[in-house]
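Student: Sending over protein05.cif (mmCIF, C-alpha atoms).
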```cif
data_target
#
loop_
_atom_site.group_PDB
_atom_site.id
_atom_site.type_symbol
_atom_site.label_atom_id
_atom_site.label_comp_id
_atom_site.auth_asym_id
_atom_site.auth_seq_id
_atom_site.Cartn_x
_atom_site.Cartn_y
_atom_site.Cartn_z
ATOM 1 C CA MET S 1 -27.990 -3.256 -71.604
ATOM 2 C CA ALA S 2 -27.592 -0.428 -69.343
ATOM 3 C CA ARG S 3 -25.452 -1.087 -66.350
ATOM 4 C CA LYS S 4 -26.672 0.193 -63.096
ATOM 5 C CA VAL S 5 -23.925 1.881 -61.076
ATOM 6 C CA GLU S 6 -24.385 1.714 -57.389
ATOM 7 C CA VAL S 7 -22.654 4.302 -55.260
ATOM 8 C CA ASP S 8 -21.860 3.404 -51.742
ATOM 9 C CA LEU S 9 -23.469 5.920 -49.350
ATOM 10 C CA LYS S 10 -20.445 5.874 -47.016
ATOM 11 C CA LEU S 11 -18.074 6.702 -49.888
ATOM 12 C CA LEU S 12 -20.292 9.619 -50.936
ATOM 13 C CA ILE S 13 -20.360 11.056 -47.400
ATOM 14 C CA VAL S 14 -16.550 10.778 -47.084
ATOM 15 C CA ALA S 15 -16.041 12.511 -50.457
ATOM 16 C CA VAL S 16 -18.377 15.395 -49.553
ATOM 17 C CA ALA S 17 -16.731 15.750 -46.126
ATOM 18 C CA PHE S 18 -13.280 15.856 -47.779
ATOM 19 C CA VAL S 19 -14.374 18.631 -50.166
ATOM 20 C CA ILE S 20 -15.827 20.677 -47.270
ATOM 21 C CA ILE S 21 -12.678 20.253 -45.127
ATOM 22 C CA ALA S 22 -10.431 21.196 -48.058
ATOM 23 C CA THR S 23 -12.487 24.316 -48.778
ATOM 24 C CA VAL S 24 -12.517 25.445 -45.136
ATOM 25 C CA GLY S 25 -8.794 24.721 -44.813
ATOM 26 C CA SER S 26 -7.825 26.745 -47.857
ATOM 27 C CA ALA S 27 -10.081 29.625 -46.793
ATOM 28 C CA PHE S 28 -8.509 29.617 -43.319
ATOM 29 C CA THR S 29 -4.982 29.548 -44.794
ATOM 30 C CA THR S 30 -5.828 32.478 -47.060
ATOM 31 C CA TYR S 31 -7.231 34.381 -44.079
ATOM 32 C CA LEU S 32 -4.032 33.810 -42.064
ATOM 33 C CA ILE S 33 -1.820 34.962 -44.911
ATOM 34 C CA PHE S 34 -3.706 38.207 -45.538
ATOM 35 C CA ARG S 35 -4.353 38.878 -41.851
ATOM 36 C CA GLY S 36 -0.616 38.613 -41.134
ATOM 37 C CA SER S 37 0.348 41.264 -43.680
ATOM 38 C CA ALA S 38 -2.558 43.526 -42.704
ATOM 39 C CA ALA S 39 -1.702 43.221 -39.022
ATOM 40 C CA GLN S 40 1.891 44.272 -39.647
ATOM 41 C CA THR S 41 1.008 47.379 -41.641
ATOM 42 C CA PRO S 42 -0.814 49.326 -38.912
ATOM 43 C CA GLN S 43 1.891 48.517 -36.392
ATOM 44 C CA GLY S 44 4.545 49.801 -38.770
ATOM 45 C CA ARG S 45 2.605 53.012 -39.263
ATOM 46 C CA GLU S 46 2.027 53.310 -35.551
ATOM 47 C CA THR S 47 5.721 53.114 -34.711
ATOM 48 C CA THR S 48 6.662 55.753 -37.278
ATOM 49 C CA THR S 49 3.954 58.178 -36.166
ATOM 50 C CA THR S 50 4.668 57.799 -32.457
ATOM 51 C CA ARG S 51 7.681 59.910 -31.727
ATOM 52 C CA LYS S 52 9.119 60.981 -28.451
ATOM 53 C CA GLU S 53 8.523 64.552 -27.428
ATOM 54 C CA LEU S 54 11.437 66.918 -28.068
ATOM 55 C CA GLY S 55 12.941 68.179 -24.830
ATOM 56 C CA PRO S 56 14.346 71.644 -24.153
ATOM 57 C CA THR S 57 17.008 72.603 -26.687
ATOM 58 C CA HIS S 58 20.063 74.824 -26.571
ATOM 59 C CA PRO S 59 21.740 76.138 -29.748
ATOM 60 C CA LEU S 60 25.537 76.172 -29.691
ATOM 61 C CA GLY S 61 25.790 78.389 -32.728
ATOM 62 C CA GLU S 62 27.773 77.980 -35.921
ATOM 63 C CA PHE S 63 31.233 76.451 -36.110
ATOM 64 C CA THR S 64 33.658 76.965 -39.019
ATOM 65 C CA LEU S 65 36.737 74.855 -38.363
ATOM 66 C CA ASN S 66 39.792 73.308 -39.998
ATOM 67 C CA LEU S 67 39.646 69.541 -40.083
ATOM 68 C CA LEU S 68 42.615 67.294 -39.478
ATOM 69 C CA SER S 69 44.270 67.048 -42.924
ATOM 70 C CA SER S 70 47.563 67.042 -44.763
ATOM 71 C CA PRO S 71 49.434 70.342 -45.116
ATOM 72 C CA ASN S 72 48.969 70.255 -48.912
ATOM 73 C CA GLN S 73 45.204 70.077 -48.762
ATOM 74 C CA ARG S 74 43.217 72.008 -46.167
ATOM 75 C CA ARG S 75 39.741 70.711 -45.343
ATOM 76 C CA TYR S 76 37.058 72.731 -43.557
ATOM 77 C CA ILE S 77 33.755 72.065 -41.863
ATOM 78 C CA ARG S 78 30.921 74.467 -41.224
ATOM 79 C CA THR S 79 28.168 73.231 -38.974
ATOM 80 C CA GLU S 80 25.496 74.474 -36.635
ATOM 81 C CA ILE S 81 24.754 72.339 -33.582
ATOM 82 C CA VAL S 82 21.750 72.213 -31.266
ATOM 83 C CA LEU S 83 21.691 70.159 -28.065
ATOM 84 C CA GLU S 84 18.564 68.524 -26.673
ATOM 85 C CA THR S 85 18.493 68.326 -22.878
ATOM 86 C CA SER S 86 16.488 66.443 -20.272
ATOM 87 C CA ASN S 87 15.265 69.612 -18.519
ATOM 88 C CA LYS S 88 15.569 73.399 -18.482
ATOM 89 C CA LYS S 89 18.138 73.381 -15.667
ATOM 90 C CA VAL S 90 20.610 71.775 -18.048
ATOM 91 C CA VAL S 91 19.989 74.558 -20.571
ATOM 92 C CA GLY S 92 20.828 77.130 -17.893
ATOM 93 C CA GLU S 93 23.984 75.256 -16.957
ATOM 94 C CA LEU S 94 25.052 75.041 -20.610
ATOM 95 C CA GLU S 95 24.523 78.796 -21.022
ATOM 96 C CA LYS S 96 26.762 79.475 -18.009
ATOM 97 C CA ARG S 97 29.440 77.126 -19.377
ATOM 98 C CA MET S 98 29.211 78.265 -23.007
ATOM 99 C CA PRO S 99 32.983 78.912 -23.433
ATOM 100 C CA GLN S 100 33.757 75.414 -22.107
ATOM 101 C CA VAL S 101 31.026 73.852 -24.243
ATOM 102 C CA ARG S 102 32.220 75.494 -27.449
ATOM 103 C CA ASP S 103 35.866 74.635 -26.660
ATOM 104 C CA GLU S 104 34.966 70.942 -26.166
ATOM 105 C CA VAL S 105 33.025 70.832 -29.429
ATOM 106 C CA ILE S 106 35.851 72.542 -31.334
ATOM 107 C CA THR S 107 38.411 70.124 -29.900
ATOM 108 C CA ILE S 108 36.305 67.076 -30.810
ATOM 109 C CA ILE S 109 35.518 68.218 -34.367
ATOM 110 C CA ARG S 110 39.084 69.323 -35.204
ATOM 111 C CA ALA S 111 40.372 65.839 -34.343
ATOM 112 C CA ARG S 112 38.362 64.380 -37.247
ATOM 113 C CA THR S 113 39.311 64.093 -40.902
ATOM 114 C CA ALA S 114 36.986 64.758 -43.819
ATOM 115 C CA GLU S 115 37.098 61.046 -44.612
ATOM 116 C CA ASP S 116 35.923 60.252 -41.056
ATOM 117 C CA LEU S 117 32.929 62.537 -41.447
ATOM 118 C CA SER S 118 32.013 61.377 -44.941
ATOM 119 C CA THR S 119 30.380 58.183 -43.635
ATOM 120 C CA GLN S 120 27.249 57.708 -41.552
ATOM 121 C CA ALA S 121 29.260 55.789 -38.946
ATOM 122 C CA GLY S 122 31.735 58.663 -38.691
ATOM 123 C CA MET S 123 28.975 61.211 -38.148
ATOM 124 C CA GLU S 124 27.349 58.980 -35.535
ATOM 125 C CA SER S 125 30.703 58.640 -33.772
ATOM 126 C CA LEU S 126 31.081 62.439 -33.756
ATOM 127 C CA ARG S 127 27.549 62.804 -32.373
ATOM 128 C CA LEU S 128 28.249 60.321 -29.568
ATOM 129 C CA ASP S 129 31.587 61.939 -28.671
ATOM 130 C CA ILE S 130 29.954 65.374 -28.408
ATOM 131 C CA LEU S 131 27.124 63.876 -26.343
ATOM 132 C CA LYS S 132 29.580 62.253 -23.892
ATOM 133 C CA ALA S 133 31.621 65.440 -23.579
ATOM 134 C CA MET S 134 28.531 67.567 -22.921
ATOM 135 C CA ASN S 135 27.247 65.142 -20.288
ATOM 136 C CA ALA S 136 30.648 65.332 -18.570
ATOM 137 C CA LEU S 137 30.231 69.116 -18.295
ATOM 138 C CA VAL S 138 26.714 69.215 -16.812
ATOM 139 C CA SER S 139 25.704 68.037 -13.352
ATOM 140 C CA THR S 140 21.956 68.736 -13.050
ATOM 141 C CA GLY S 141 20.611 66.414 -15.741
ATOM 142 C CA GLU S 142 21.835 65.252 -19.104
ATOM 143 C CA VAL S 143 22.167 66.141 -22.735
ATOM 144 C CA THR S 144 19.972 63.610 -24.532
ATOM 145 C CA ASP S 145 20.746 64.290 -28.201
ATOM 146 C CA VAL S 146 22.934 66.287 -30.583
ATOM 147 C CA PHE S 147 21.461 67.736 -33.779
ATOM 148 C CA PHE S 148 23.519 68.968 -36.735
ATOM 149 C CA ILE S 149 21.322 71.689 -38.199
ATOM 150 C CA ASP S 150 23.742 72.658 -40.960
ATOM 151 C CA LEU S 151 26.730 70.661 -42.194
ATOM 152 C CA ILE S 152 29.143 71.478 -45.018
ATOM 153 C CA ILE S 153 32.501 69.786 -45.461
ATOM 154 C CA GLN S 154 34.857 71.317 -48.006
#
```
Starting from the file, lay out its structure as structure tokens.
Tutor:
Amino acid sequence: MARKVEVDLKLLIVAVAFVIIATVGSAFTTYLIFRGSAAQTPQGRETTTTRKELGPTHPLGEFTLNLLSSPNQRRYIRTEIVLETSNKKVVGELEKRMPQVRDEVITIIRARTAEDLSTQAGMESLRLDILKAMNALVSTGEVTDVFFIDLIIQ
């Protein structure tokens, strides 16, 4: 007494279509997931390898200064600073005004405490203050960046 099982042709077609759609859908989802992470990687590398060209620079020399501190404990800073400028005319103007430039930098640095300069925010604030002061001194362009080549706080 074997029972004969009849399968409806429409049900079979729907089941096969469902399996195909599910397979294509999961393959497409997998593609989107891996394409997204692969697409981000080259862009990340591209942004780190593309750097702006360094403009003309002007070294200000080495500074060894007393920092603002209590009379019981003297704190010192030794640093070497280089300025990046927008063009060579600014370098010439900075060379002519070197006593003024060094005096401005000394005044700005001596107003800081060792605690101010021990944080990244404090160093960034010092960098911006020097940048503003240098741009106030020049008239034929601008100082675009300040680099601390050497920095020791004691």
Student: Evaluated on this file, the PyMOL selection byres ((chain S and resi 109) around 9) picks out some residues - which ones are they, written as a list of chain:residue names?
Tutor: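 Those residues are S:Leu65, S:Asn66, S:Leu67, S:Leu68, S:Ile77, S:Glu104, S:Val105, S:Ile106, S:Thr107, S:Ile108, S:Arg110, S:Ala111, S:Arg112, S:Thr113, S:Leu126, S:Ile130.
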Student: Out of S:Ser70, S:Thr64, S:Gln154, S:Thr23, which residue has the shortest atom-to-atom distance to S:Leu117 when counting all atoms listed in the file?
Tutor: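 Ranked by minimum distance to S:Leu117, first place goes to S:Gln154.
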Student: Just the number, please: distance in Å from atom CA of S:Ile152 to atom CA of S:Thr79, one decimal.
Tutor: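 We find that atom CA of S:Ile152 and atom CA of S:Thr79 lie 6.4 Å from each other.
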Student: Looking at all atoms listed in the file, which of S:Asn87, S:Thr57, S:Ser69, S:Ser125 is the one that sits closest to S:Asp145?
Tutor: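 Under the stated criterion, the closest residue is S:Thr57.
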Student: Using only C-alpha atoms, which residue out of S:Glu93, S:Glu53, S:Glu124, S:Asp103 lies closest to S:Gly141?
Tutor: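 With only C-alpha atoms as the atom set, the closest residue is S:Glu93.
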Student: Distance atom CA of S:Met123-atom CA of S:Leu83, one decimal place?
Tutor: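 Computed distance, atom CA of S:Met123 to atom CA of S:Leu83, equals 15.3 Å.
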Student: With distances taken over all atoms listed in the file, which of S:Glu115, S:Leu60, S:Arg97, S:Asn135 is nearest to S:Val82?
Tutor: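 Of all the options, S:Leu60 lies closest to S:Val82.
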Student: Please expand the PyMOL selection byres ((chain S and resi 149) around 7) into the concrete residues it hits in this file, giving the result as number ranges by chain.
Tutor: S: 80-82, 147-148, 150-151
Student: Work out how far apart atom CA of S:Lys88 and atom CA of S:Val101 are and give it in Å to one decimal.
Tutor: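 Calculated distance between atom CA of S:Lys88 and atom CA of S:Val101 is 16.5 Å.
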Student: Which residue, S:Met98, S:Val91, S:Ala17, S:Ile153, has the smallest gap to S:Asp116 when you use only C-alpha atoms?
Tutor: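 Nearest to S:Asp116: S:Ile153.
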Student: Using all atoms listed in the file, pick whichever of S:Val146, S:Ala136, S:Leu9, S:Ala121 has the shortest atom-to-atom distance to S:Thr85.
Tutor: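 Closest to S:Thr85 of all the choices is S:Val146.
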Student: Env of S:Val138: 9 Å cut, atoms = all atoms listed in the file, seq-sep filter 4 positions within chain, self excluded. Answer as JSON, numbers by chain.
Tutor: {"S": [90, 93, 94, 97, 134, 142, 143]}
Student: Could you write out as a PDB file with C-alpha atoms, in the coordinates of the input the residues that the PyMOL selection byres ((chain S and resi 55) around 6) matches in the shown file?
Tutor:
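Produced file selection.pdb, reproduced below:
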```pdb
ATOM      1  CA  LEU S  54      11.437  66.918 -28.068  1.00  0.00           C
ATOM      2  CA  PRO S  56      14.346  71.644 -24.153  1.00  0.00           C
ATOM      3  CA  GLU S  84      18.564  68.524 -26.673  1.00  0.00           C
ATOM      4  CA  THR S  85      18.493  68.326 -22.878  1.00  0.00           C
TER       5      THR S  85
END
```
